$ cat data_4.txt   # compact mmCIF, C-alpha atoms and all ligand atoms
# COMPACT_ATOMS: atom_id res chain seq x y z
CA MET P 1439 0.00 0.00 0.00
CA THR P 1440 1.52 3.29 -1.02
CA SER P 1441 0.43 6.46 0.72
CA SER P 1442 -0.13 9.82 -0.92
CA ASN P 1443 1.98 12.87 -0.17
CA ALA P 1444 -1.05 14.42 1.55
CA GLU P 1445 -1.64 11.38 3.78
CA LEU P 1446 2.02 11.22 4.78
CA PHE P 1447 2.15 14.95 5.51
CA GLU P 1448 -0.90 14.64 7.73
CA ARG P 1449 0.75 11.77 9.62
CA ALA P 1450 4.02 13.70 9.86
CA ARG P 1451 2.29 16.73 11.36
CA ARG P 1452 0.99 14.54 14.16
CA VAL P 1453 4.49 13.54 15.27
CA MET P 1454 6.89 16.21 13.95
CA PRO P 1455 6.56 20.00 14.42
CA GLY P 1456 5.11 21.29 11.17
CA GLY P 1457 5.56 17.80 9.73
CA VAL P 1458 9.21 18.36 8.81
CA SER P 1459 12.79 18.22 10.06
CA SER P 1460 13.69 21.65 8.60
CA PRO P 1461 11.14 24.48 8.24
CA VAL P 1462 11.18 25.45 4.54
CA ARG P 1463 10.43 21.87 3.48
CA ALA P 1464 6.87 22.33 4.77
CA PHE P 1465 5.90 24.54 1.76
CA GLY P 1466 4.70 27.29 4.12
CA ALA P 1467 5.77 30.10 1.78
CA VAL P 1468 4.22 28.58 -1.35
CA GLY P 1469 1.25 26.68 0.08
CA GLY P 1470 0.22 23.17 -0.88
CA THR P 1471 1.53 19.77 0.09
CA PRO P 1472 5.22 18.90 0.29
CA ARG P 1473 6.29 15.93 -1.81
CA PHE P 1474 7.73 13.00 0.11
CA ALA P 1475 10.84 11.87 -1.73
CA ALA P 1476 11.10 8.12 -2.25
CA SER P 1477 14.26 7.78 -4.33
CA ALA P 1478 16.56 9.76 -6.59
CA ARG P 1479 19.05 8.94 -9.35
CA GLY P 1480 21.14 11.47 -11.21
CA ALA P 1481 19.04 14.58 -11.81
CA TRP P 1482 15.72 12.88 -11.08
CA ILE P 1483 13.73 12.61 -7.85
CA THR P 1484 10.75 10.26 -7.55
CA ASP P 1485 8.12 11.00 -4.94
CA VAL P 1486 6.03 8.46 -3.02
CA GLU P 1487 3.25 8.71 -5.62
CA GLY P 1488 5.68 7.68 -8.37
CA LYS P 1489 5.85 11.13 -9.99
CA GLN P 1490 9.28 12.13 -11.30
CA TYR P 1491 10.89 15.54 -11.12
CA VAL P 1492 14.05 17.13 -12.52
CA ASP P 1493 15.89 18.20 -9.39
CA LEU P 1494 17.15 21.78 -9.21
CA VAL P 1495 17.64 21.72 -5.44
CA GLY P 1496 20.22 18.98 -5.02
CA SER P 1497 19.41 18.65 -1.32
CA TRP P 1498 20.05 22.41 -1.03
CA GLY P 1499 23.55 22.14 -2.38
CA PRO P 1500 25.40 18.92 -1.66
CA MET P 1501 24.45 16.79 -4.67
CA ILE P 1502 26.79 18.36 -7.19
CA LEU P 1503 27.27 15.03 -9.01
CA GLY P 1504 23.56 14.23 -8.98
CA HIS P 1505 21.93 11.61 -6.75
CA ALA P 1506 23.28 8.15 -6.02
CA HIS P 1507 26.42 8.59 -8.10
CA PRO P 1508 27.83 5.04 -8.42
CA GLU P 1509 31.29 5.99 -7.10
CA VAL P 1510 29.85 7.79 -4.08
CA VAL P 1511 27.46 4.93 -3.34
CA ALA P 1512 30.29 2.38 -3.65
CA ALA P 1513 32.55 4.40 -1.34
CA VAL P 1514 29.83 4.68 1.29
CA GLN P 1515 28.92 0.99 1.06
CA ARG P 1516 32.56 -0.05 1.39
CA THR P 1517 32.98 2.17 4.43
CA VAL P 1518 29.74 1.29 6.18
CA GLY P 1519 30.62 -2.39 5.76
CA GLU P 1520 33.54 -1.74 8.12
CA SER P 1521 31.25 0.17 10.55
CA SER P 1522 29.23 3.36 10.25
CA SER P 1523 30.95 4.99 13.23
CA PHE P 1524 34.04 4.25 15.28
CA GLY P 1525 34.29 7.21 17.65
CA ALA P 1526 38.02 6.90 17.01
CA PRO P 1527 40.44 8.40 14.48
CA CYS P 1528 39.97 6.78 11.06
CA VAL P 1529 41.52 6.87 7.61
CA PRO P 1530 38.58 8.37 5.63
CA GLU P 1531 38.56 11.56 7.74
CA LEU P 1532 42.35 11.84 7.42
CA GLU P 1533 42.18 11.46 3.64
CA LEU P 1534 39.42 14.06 3.36
CA ALA P 1535 41.41 16.50 5.51
CA GLU P 1536 44.51 15.93 3.37
CA GLN P 1537 42.48 16.52 0.23
CA ILE P 1538 41.09 19.83 1.57
CA VAL P 1539 44.60 20.97 2.58
CA ARG P 1540 45.84 20.08 -0.92
CA LEU P 1541 43.05 21.96 -2.66
CA ILE P 1542 43.01 25.16 -0.59
CA GLU P 1543 46.50 26.52 0.06
CA PRO P 1544 45.75 28.75 3.11
CA VAL P 1545 44.30 25.71 4.90
CA GLN P 1546 46.73 23.74 7.07
CA ARG P 1547 44.32 22.23 9.60
CA VAL P 1548 40.78 20.89 9.34
CA ARG P 1549 38.35 20.13 12.18
CA PHE P 1550 35.33 18.08 11.11
CA THR P 1551 31.85 18.70 12.44
CA SER P 1552 28.49 17.39 11.24
CA SER P 1553 26.46 20.39 10.04
CA GLY P 1554 27.16 23.83 8.63
CA THR P 1555 25.61 25.32 11.74
CA GLU P 1556 28.09 23.51 13.93
CA ALA P 1557 31.04 24.51 11.75
CA VAL P 1558 30.25 28.24 11.87
CA MET P 1559 29.42 28.07 15.57
CA THR P 1560 32.84 26.51 16.14
CA ALA P 1561 34.55 29.14 14.00
CA VAL P 1562 32.91 31.90 16.05
CA ARG P 1563 33.99 30.30 19.34
CA LEU P 1564 37.51 29.92 18.01
CA ALA P 1565 37.57 33.59 16.94
CA ARG P 1566 36.37 34.69 20.36
CA GLY P 1567 38.85 32.39 22.09
CA ALA P 1568 41.72 33.64 19.96
CA THR P 1569 40.96 37.35 20.35
CA GLY P 1570 39.47 37.43 23.84
CA ARG P 1571 36.73 39.60 22.31
CA GLU P 1572 32.99 39.19 22.16
CA LEU P 1573 31.35 41.01 19.22
CA ILE P 1574 30.61 39.43 15.83
CA ILE P 1575 29.74 41.33 12.67
CA LYS P 1576 27.35 39.59 10.27
CA PHE P 1577 25.41 40.84 7.27
CA ALA P 1578 21.63 40.99 6.95
CA GLY P 1579 20.30 38.20 4.74
CA CYS P 1580 23.40 36.03 5.09
CA TYR P 1581 22.69 32.64 6.63
CA HIS P 1582 25.25 30.91 8.80
CA GLY P 1583 23.09 28.19 10.32
CA HIS P 1584 20.81 28.44 13.31
CA SER P 1585 23.20 28.93 16.23
CA ASP P 1586 22.04 31.64 18.65
CA ALA P 1587 24.75 34.15 17.74
CA LEU P 1588 24.03 34.01 14.01
CA LEU P 1589 20.24 33.91 13.70
CA ALA P 1590 19.84 37.71 13.64
CA ALA P 1591 18.49 38.95 10.27
CA ALA P 1592 19.35 35.56 8.79
CA GLY P 1593 18.66 34.43 5.25
CA SER P 1594 17.42 30.99 4.13
CA GLY P 1595 14.35 29.76 6.04
CA VAL P 1596 14.29 32.78 8.33
CA ALA P 1597 13.92 34.98 5.24
CA THR P 1598 11.52 32.58 3.51
CA LEU P 1599 9.14 32.56 6.45
CA GLY P 1600 9.55 36.29 7.12
CA LEU P 1601 10.42 35.57 10.75
CA PRO P 1602 11.58 38.20 13.18
CA ASP P 1603 14.61 37.29 15.23
CA SER P 1604 13.89 34.03 16.97
CA PRO P 1605 12.38 33.56 20.42
CA GLY P 1606 14.81 31.53 22.49
CA VAL P 1607 17.82 33.66 21.64
CA THR P 1608 18.68 35.71 24.72
CA ALA P 1609 19.02 39.48 24.55
CA GLY P 1610 22.60 39.09 25.76
CA THR P 1611 23.49 36.81 22.85
CA ALA P 1612 21.71 38.97 20.29
CA ALA P 1613 23.52 42.05 21.60
CA SER P 1614 26.87 40.46 20.78
CA THR P 1615 26.03 40.32 17.07
CA LEU P 1616 26.22 43.51 15.02
CA VAL P 1617 24.11 43.16 11.89
CA LEU P 1618 25.05 45.39 8.94
CA PRO P 1619 23.51 45.67 5.47
CA TYR P 1620 25.37 43.56 2.91
CA GLY P 1621 27.97 45.18 0.68
CA ARG P 1622 28.57 48.41 2.62
CA LEU P 1623 32.27 48.47 3.44
CA ASP P 1624 31.89 52.03 4.76
CA LEU P 1625 29.53 50.78 7.47
CA VAL P 1626 31.90 47.96 8.40
CA GLU P 1627 34.67 50.52 8.72
CA GLN P 1628 32.45 52.68 10.91
CA ALA P 1629 31.63 49.70 13.17
CA PHE P 1630 35.34 48.96 13.55
CA ARG P 1631 36.04 52.62 14.39
CA ALA P 1632 33.36 52.53 17.08
CA HIS P 1633 34.01 49.05 18.56
CA GLY P 1634 37.27 47.83 16.97
CA ASP P 1635 38.82 46.53 20.17
CA ARG P 1636 35.69 44.47 20.97
CA ILE P 1637 35.12 42.83 17.56
CA ALA P 1638 36.20 39.17 17.49
CA ALA P 1639 35.17 38.34 13.94
CA VAL P 1640 33.49 39.31 10.72
CA VAL P 1641 31.56 36.42 9.23
CA THR P 1642 30.25 36.54 5.67
CA GLU P 1643 29.08 34.35 2.83
CA PRO P 1644 31.69 35.42 0.26
CA VAL P 1645 28.92 35.12 -2.35
CA PRO P 1646 25.65 35.48 -0.44
CA ALA P 1647 23.26 32.79 -1.68
CA ASN P 1648 20.72 32.44 1.12
CA MET P 1649 18.76 35.61 0.32
CA GLY P 1650 19.02 34.64 -3.31
CA VAL P 1651 22.40 35.03 -4.98
CA ILE P 1652 24.14 38.38 -4.69
CA ALA P 1653 27.46 39.04 -6.38
CA PRO P 1654 29.79 40.70 -3.89
CA PRO P 1655 30.59 44.30 -4.86
CA PRO P 1656 34.12 44.55 -6.33
CA GLY P 1657 36.70 44.64 -3.53
CA PHE P 1658 34.17 43.93 -0.76
CA ASN P 1659 35.64 40.62 0.47
CA ARG P 1660 39.19 41.91 0.18
CA GLY P 1661 38.13 45.05 2.07
CA LEU P 1662 36.73 42.90 4.88
CA ARG P 1663 40.02 41.01 4.96
CA GLU P 1664 41.97 44.28 5.28
CA LEU P 1665 39.72 45.72 8.00
CA CYS P 1666 39.97 42.52 10.03
CA SER P 1667 43.77 42.53 9.75
CA LEU P 1668 43.96 46.20 10.71
CA HIS P 1669 41.84 45.70 13.82
CA GLY P 1670 43.01 42.25 14.89
CA ALA P 1671 39.68 40.54 14.17
CA VAL P 1672 39.23 37.10 12.61
CA PHE P 1673 37.81 36.99 9.08
CA ILE P 1674 35.51 33.98 8.62
CA ALA P 1675 34.52 33.06 5.06
CA ASP P 1676 31.46 30.84 5.38
CA GLU P 1677 31.84 28.66 2.30
CA VAL P 1678 29.37 26.03 3.51
CA LEU P 1679 27.40 26.62 0.30
CA THR P 1680 30.08 27.90 -2.13
CA GLY P 1681 32.91 25.58 -1.06
CA PHE P 1682 33.55 22.88 -3.70
CA ARG P 1683 30.52 24.20 -5.62
CA LEU P 1684 32.04 27.17 -7.43
CA SER P 1685 35.46 25.62 -8.06
CA PRO P 1686 37.73 22.93 -6.55
CA ALA P 1687 38.74 25.61 -4.00
CA GLY P 1688 35.34 27.28 -3.75
CA TYR P 1689 34.90 31.03 -3.98
CA TRP P 1690 38.38 31.57 -2.58
CA GLY P 1691 39.89 29.52 -5.42
CA LEU P 1692 38.41 31.88 -7.98
CA ALA P 1693 38.74 35.23 -6.23
CA GLY P 1694 40.95 35.19 -3.13
CA ARG P 1695 43.76 33.21 -4.71
CA ALA P 1696 43.89 35.51 -7.75
CA GLU P 1697 43.67 38.67 -5.64
CA GLY P 1698 46.22 37.50 -3.11
CA TRP P 1699 44.15 37.37 0.08
CA SER P 1700 42.62 34.69 2.23
CA PRO P 1701 40.28 34.50 5.22
CA ASP P 1702 41.56 33.35 8.61
CA LEU P 1703 38.93 30.64 8.81
CA PHE P 1704 36.84 28.82 6.24
CA THR P 1705 33.72 26.85 7.00
CA PHE P 1706 32.58 24.06 4.69
CA GLY P 1707 29.49 21.88 4.55
CA LYS P 1708 27.05 20.67 1.87
CA VAL P 1709 29.28 19.37 -1.01
CA VAL P 1710 32.10 18.40 1.41
CA GLY P 1711 29.95 15.53 2.71
CA GLY P 1712 28.66 14.37 -0.66
CA GLY P 1713 25.11 14.23 0.76
CA LEU P 1714 25.94 12.80 4.18
CA PRO P 1715 26.19 14.91 7.37
CA MET P 1716 29.68 16.42 7.28
CA SER P 1717 31.11 19.90 7.69
CA ALA P 1718 34.39 21.49 8.64
CA VAL P 1719 36.22 24.48 10.03
CA ALA P 1720 39.56 25.04 8.38
CA GLY P 1721 42.42 27.49 8.44
CA ALA P 1722 46.06 28.13 9.20
CA ALA P 1723 47.74 26.06 11.92
CA GLU P 1724 48.36 28.97 14.26
CA LEU P 1725 44.66 29.69 14.74
CA MET P 1726 43.27 26.17 14.28
CA ASP P 1727 45.68 24.68 16.84
CA LEU P 1728 43.87 26.69 19.52
CA LEU P 1729 41.17 24.00 19.26
CA ALA P 1730 41.22 21.23 21.88
CA PRO P 1731 43.16 19.04 22.37
CA ALA P 1732 45.96 21.03 20.69
CA GLY P 1733 44.74 24.19 22.43
CA PRO P 1734 42.23 25.44 25.02
CA VAL P 1735 39.12 26.20 22.88
CA TYR P 1736 36.80 23.26 23.42
CA GLN P 1737 34.92 21.54 20.62
CA ALA P 1738 33.93 17.90 20.17
CA GLY P 1739 31.48 15.52 18.48
CA THR P 1740 30.36 11.90 18.90
CA LEU P 1741 29.92 11.45 15.14
CA SER P 1742 32.54 14.00 13.99
CA GLY P 1743 34.73 12.76 11.16
CA ASN P 1744 32.19 10.02 10.47
CA PRO P 1745 33.80 7.47 8.13
CA ALA P 1746 30.84 7.07 5.77
CA ALA P 1747 30.34 10.83 5.45
CA ALA P 1748 34.07 11.35 4.92
CA ALA P 1749 34.09 8.65 2.23
CA ALA P 1750 31.11 10.24 0.44
CA GLY P 1751 32.80 13.64 0.60
CA LEU P 1752 36.10 12.31 -0.63
CA ALA P 1753 34.49 10.39 -3.52
CA THR P 1754 32.67 13.58 -4.49
CA LEU P 1755 35.75 15.81 -4.32
CA ASN P 1756 37.76 13.25 -6.29
CA LEU P 1757 35.32 13.63 -9.20
CA ALA P 1758 35.04 17.42 -8.92
CA ASP P 1759 37.77 18.55 -11.30
CA ASP P 1760 38.04 21.73 -13.39
CA ALA P 1761 36.14 20.08 -16.23
CA LEU P 1762 33.18 19.39 -13.93
CA TYR P 1763 33.00 23.05 -12.88
CA ALA P 1764 33.21 24.15 -16.52
CA ARG P 1765 30.20 21.91 -17.26
CA LEU P 1766 28.28 23.30 -14.28
CA ASP P 1767 29.01 26.88 -15.36
CA HIS P 1768 27.78 26.05 -18.85
CA VAL P 1769 24.54 24.40 -17.74
CA GLY P 1770 23.94 27.25 -15.27
CA ALA P 1771 24.29 29.80 -18.06
CA ARG P 1772 21.88 27.87 -20.30
CA LEU P 1773 19.30 27.64 -17.52
CA ARG P 1774 19.54 31.35 -16.74
CA GLU P 1775 18.98 32.13 -20.40
CA MET P 1776 15.94 29.83 -20.59
CA VAL P 1777 14.34 31.21 -17.44
CA SER P 1778 14.96 34.82 -18.40
CA SER P 1779 13.51 34.34 -21.84
CA ALA P 1780 10.35 32.59 -20.54
CA LEU P 1781 9.71 35.18 -17.83
CA GLY P 1782 10.47 38.02 -20.25
CA GLN P 1783 8.00 36.69 -22.83
CA ALA P 1784 5.28 36.39 -20.19
CA GLY P 1785 5.97 39.94 -19.00
CA VAL P 1786 6.95 38.88 -15.47
CA PRO P 1787 9.21 41.41 -13.73
CA HIS P 1788 12.32 39.53 -12.68
CA ARG P 1789 16.03 39.74 -12.00
CA ILE P 1790 18.50 36.92 -12.34
CA ASN P 1791 21.67 37.23 -10.28
CA HIS P 1792 24.54 34.84 -10.65
CA TRP P 1793 28.10 34.14 -9.61
CA GLY P 1794 29.69 31.22 -11.47
CA ASN P 1795 27.19 28.36 -11.70
CA LEU P 1796 25.17 29.68 -8.74
CA PHE P 1797 22.15 31.73 -9.66
CA SER P 1798 18.76 32.76 -8.41
CA VAL P 1799 15.65 34.27 -9.90
CA PHE P 1800 14.12 37.22 -8.08
CA PHE P 1801 10.49 38.05 -8.84
CA THR P 1802 10.99 41.82 -8.72
CA ALA P 1803 11.85 44.64 -11.08
CA ALA P 1804 14.31 46.09 -8.57
CA GLU P 1805 18.02 45.48 -8.80
CA VAL P 1806 18.82 43.08 -5.93
CA THR P 1807 21.98 43.95 -4.03
CA ASP P 1808 21.08 43.22 -0.40
CA TYR P 1809 18.43 41.81 1.92
CA ASP P 1810 16.11 44.83 1.65
CA THR P 1811 16.03 44.69 -2.13
CA ALA P 1812 15.68 40.86 -2.07
CA LYS P 1813 12.54 41.35 0.00
CA THR P 1814 10.89 43.46 -2.72
CA GLN P 1815 9.98 40.16 -4.44
CA ASP P 1816 6.40 39.27 -5.34
CA GLY P 1817 6.05 36.12 -3.22
CA ALA P 1818 2.63 35.29 -4.69
CA ALA P 1819 4.02 35.34 -8.24
CA PHE P 1820 6.82 33.02 -7.14
CA ALA P 1821 4.33 30.66 -5.48
CA ARG P 1822 2.29 30.43 -8.72
CA PHE P 1823 5.46 29.86 -10.74
CA PHE P 1824 6.67 27.24 -8.25
CA HIS P 1825 3.48 25.16 -8.33
CA ALA P 1826 3.09 25.38 -12.10
CA ILE P 1827 6.64 24.17 -12.70
CA LEU P 1828 6.37 21.49 -9.97
CA ASP P 1829 3.21 20.11 -11.60
CA GLN P 1830 5.21 19.76 -14.81
CA GLY P 1831 7.96 17.82 -13.10
CA VAL P 1832 10.58 20.42 -12.13
CA TRP P 1833 11.64 20.44 -8.49
CA LEU P 1834 12.63 23.89 -7.21
CA ALA P 1835 13.24 25.02 -3.65
CA PRO P 1836 9.87 26.12 -2.18
CA SER P 1837 11.32 29.55 -1.48
CA ALA P 1838 11.91 32.69 -3.50
CA PHE P 1839 15.12 33.26 -1.53
CA GLU P 1840 17.03 30.15 -2.56
CA ALA P 1841 19.59 29.57 -5.24
CA TRP P 1842 18.85 27.14 -8.07
CA PHE P 1843 21.38 24.33 -7.72
CA VAL P 1844 22.70 22.69 -10.87
CA SER P 1845 24.34 19.27 -10.92
CA ASP P 1846 26.53 17.36 -13.32
CA ALA P 1847 23.62 15.00 -13.97
CA LEU P 1848 21.62 17.66 -15.84
CA GLY P 1849 21.70 16.76 -19.52
CA GLU P 1850 19.74 17.49 -22.67
CA ARG P 1851 16.75 15.35 -21.65
CA GLU P 1852 16.42 17.26 -18.37
CA LEU P 1853 16.91 20.65 -20.02
CA ASP P 1854 14.13 19.73 -22.48
CA VAL P 1855 11.73 19.01 -19.62
CA ILE P 1856 12.60 22.37 -18.04
CA ALA P 1857 12.32 24.21 -21.38
CA LYS P 1858 8.80 22.85 -21.90
CA ALA P 1859 7.75 23.62 -18.33
CA LEU P 1860 9.01 27.20 -18.22
CA PRO P 1861 6.57 29.04 -20.52
CA PRO P 1862 3.39 27.81 -18.76
CA ALA P 1863 5.03 28.43 -15.37
CA ALA P 1864 5.95 31.95 -16.45
CA ARG P 1865 2.35 32.56 -17.57
CA ALA P 1866 1.13 31.31 -14.19
CA ALA P 1867 3.52 33.74 -12.49
CA ALA P 1868 2.11 36.56 -14.63
CA GLY P 1869 -1.24 35.79 -12.97
C1 LIG F 1 23.46 25.78 4.59
C2 LIG F 1 24.32 26.82 5.19
C3 LIG F 1 24.69 26.80 6.55
C4 LIG F 1 24.08 25.83 7.53
O1 LIG F 1 24.40 24.52 7.24
P1 LIG F 1 23.51 23.33 7.90
O2 LIG F 1 24.23 22.09 7.50
O3 LIG F 1 22.15 23.47 7.32
O4 LIG F 1 23.53 23.56 9.37
C5 LIG F 1 25.60 27.73 7.00
N1 LIG F 1 26.12 28.64 6.17
C6 LIG F 1 25.80 28.71 4.87
C7 LIG F 1 26.42 29.73 4.00
C8 LIG F 1 24.87 27.82 4.34
O5 LIG F 1 24.51 27.91 3.05

$ encode --input "data_4.txt" --output "structure tokens"
Amino acid sequence: MTSSNAELFERARRVMPGGVSSPVRAFGAVGGTPRFAASARGAWITDVEGKQYVDLVGSWGPMILGHAHPEVVAAVQRTVGESSSFGAPCVPELELAEQIVRLIEPVQRVRFTSSGTEAVMTAVRLARGATGRELIIKFAGCYHGHSDALLAAAGSGVATLGLPDSPGVTAGTAASTLVLPYGRLDLVEQAFRAHGDRIAAVVTEPVPANMGVIAPPPGFNRGLRELCSLHGAVFIADEVLTGFRLSPAGYWGLAGRAEGWSPDLFTFGKVVGGGLPMSAVAGAAELMDLLAPAGPVYQAGTLSGNPAAAAAGLATLNLADDALYARLDHVGARLREMVSSALGQAGVPHRINHWGNLFSVFFTAAEVTDYDTAKTQDGAAFARFFHAILDQGVWLAPSAFEAWFVSDALGERELDVIAKALPPAARAAAG
């Protein structure tokens, strides 16, 4: 007996808050019934009712090779056969750490954690431990996971659901986070002039992608680097989303390396675990060796460095060469062109922002450069577009604030499905 999506969602709501394990999955912003995924291969997801969709979410980033890639599956099966968790040092985590150090020159040490949230939380603690300071600067609309210190004016689900800052975060914690509008180096400079000796870290998404994609203004990331150096603060590049998605060395590999700067700490997640729970904090030895047991800043995890997750990550990174990123850039460009043309023909006001293969479609006529402009979107138009394209078998994130994630499994057959689905979806968006 197979159950319908609606029946399963009703059951789920009886035993799970909102019926889901992560808020945006509940379709709150677009209405309707979430699809329960049953299986996925390559670029295709099949739901419990047997309907197939071309996947443009990729589990919100990790599935850069597509689903169930044979080499990733084989690596996980091999590893799990020897145990799914040792709680002891193991070879897969060591090999993944060595691979990250090889790929990203400023990185000498890697500490594995299990979610992006945990990685950024650890980076913030490390920055505070290293500097003996308390304040953190973050940018409105950037998402760094759901730790208390970083929920203020956060992107991703917090933006999707239009939530104010969350209950449960104490006033004391919130007061330690200075939130600035994205892209305004002058305001960062001002904050450092006012509180420079109290600022432990600046944390940013080097290409914001959780309020939709926003290309950093020229010189912005380098400017943050310089201000942090000048004032003795730690610069944290949260590459949980961009790491191993934009290039073999993430955003830094395309911009920082060429421009001759690097952050003090990187955080990685999503692609680094190849679809299993895995994330990391990484940086130069001097700072990273402040982490226990090498140093006094405590951090730990029962499942950290999990062998199966490390094996999935390593198998993924081993296949992610320059040629793969060239293909992703190409397919991203084709998709942007298709979407823009369909929305243009239907007369739907829109903006498409991109950086490398990452892009997002904003349902607004305004140029989108920060969180305030991202919020000028017509959410109802997006919801109509979303449901029309979903009905035709294209799986998008149920949020107007998410990137569209391409994978190496997208081929001509999948692009054809999307090309046919776009014009009716654009007409639905037009209302
Ligand atoms: C997804 C994301 C996180 C949070 O990662 P989780 O694994 O969901 O905790 C943090 N930072 C950025 C930039 C992200 O995109």

$ closest_atom_pairs --input "data_4.txt" --of "segment 1697-1736 of chain P" --to "segment 1750-1774 of chain P" --cutoff "8 Å" --atoms "only C-alpha atoms" --output "tab-separated table"
residue	atom	partner	partner_atom	distance
P:Val1709	CA	P:Gly1751	CA	6.9
P:Val1710	CA	P:Gly1751	CA	4.9
P:Gly1711	CA	P:Gly1751	CA	4.0
P:Gly1712	CA	P:Gly1751	CA	4.4
P:Gly1713	CA	P:Ala1750	CA	7.2
P:Leu1714	CA	P:Ala1750	CA	6.9
P:Met1716	CA	P:Gly1751	CA	7.9

$ residues_near_ligand --input "data_4.txt" --ligand "ligand LIG 1 (chain F)" --cutoff "6 Å" --atoms "only C-alpha atoms and all ligand atoms" --output "list in words"
Ser1553, Gly1554, Thr1555, Tyr1581, His1582, Gly1583, Glu1643, Asp1676, Glu1677, Val1678 and Leu1679 of chain P

$ residues_near_point --input "data_4.txt" --point "(33.4, 9.2, 4.0)" --cutoff "8 Å" --atoms "only C-alpha atoms" --output "mmCIF file with C-alpha atoms, in the coordinates of the input"
data_model
loop_
_atom_site.group_PDB
_atom_site.id
_atom_site.type_symbol
_atom_site.label_atom_id
_atom_site.label_comp_id
_atom_site.auth_asym_id
_atom_site.auth_seq_id
_atom_site.Cartn_x
_atom_site.Cartn_y
_atom_site.Cartn_z
ATOM 1 C CA ALA P 1513 32.550 4.400 -1.340
ATOM 2 C CA VAL P 1514 29.830 4.680 1.290
ATOM 3 C CA THR P 1517 32.980 2.170 4.430
ATOM 4 C CA PRO P 1530 38.580 8.370 5.630
ATOM 5 C CA GLU P 1531 38.560 11.560 7.740
ATOM 6 C CA LEU P 1534 39.420 14.060 3.360
ATOM 7 C CA GLY P 1711 29.950 15.530 2.710
ATOM 8 C CA ASN P 1744 32.190 10.020 10.470
ATOM 9 C CA PRO P 1745 33.800 7.470 8.130
ATOM 10 C CA ALA P 1746 30.840 7.070 5.770
ATOM 11 C CA ALA P 1747 30.340 10.830 5.450
ATOM 12 C CA ALA P 1748 34.070 11.350 4.920
ATOM 13 C CA ALA P 1749 34.090 8.650 2.230
ATOM 14 C CA ALA P 1750 31.110 10.240 0.440
ATOM 15 C CA GLY P 1751 32.800 13.640 0.600
ATOM 16 C CA LEU P 1752 36.100 12.310 -0.630
ATOM 17 C CA ALA P 1753 34.490 10.390 -3.520
#

$ atom_distance --input "data_4.txt" --atom1 "atom CA of His1788 of chain P" --atom2 "atom CA of Ile1856 of chain P"
18.0 Å

$ axis_aligned_box --input "data_4.txt" --around "segment 1635-1645 of chain P" --padding-each-side "4 Å" --output "AutoDock Vina command-line options"
--center_x 33.9 --center_y 40.4 --center_z 9.3 --size_x 17.9 --size_y 20.2 --size_z 31.3

$ residues_around --input "data_4.txt" --residues "segment 1800-1815 of chain P" --least-positions-apart "6" --cutoff "7 Å" --atoms "only C-alpha atoms" --output "count of residues only"
11
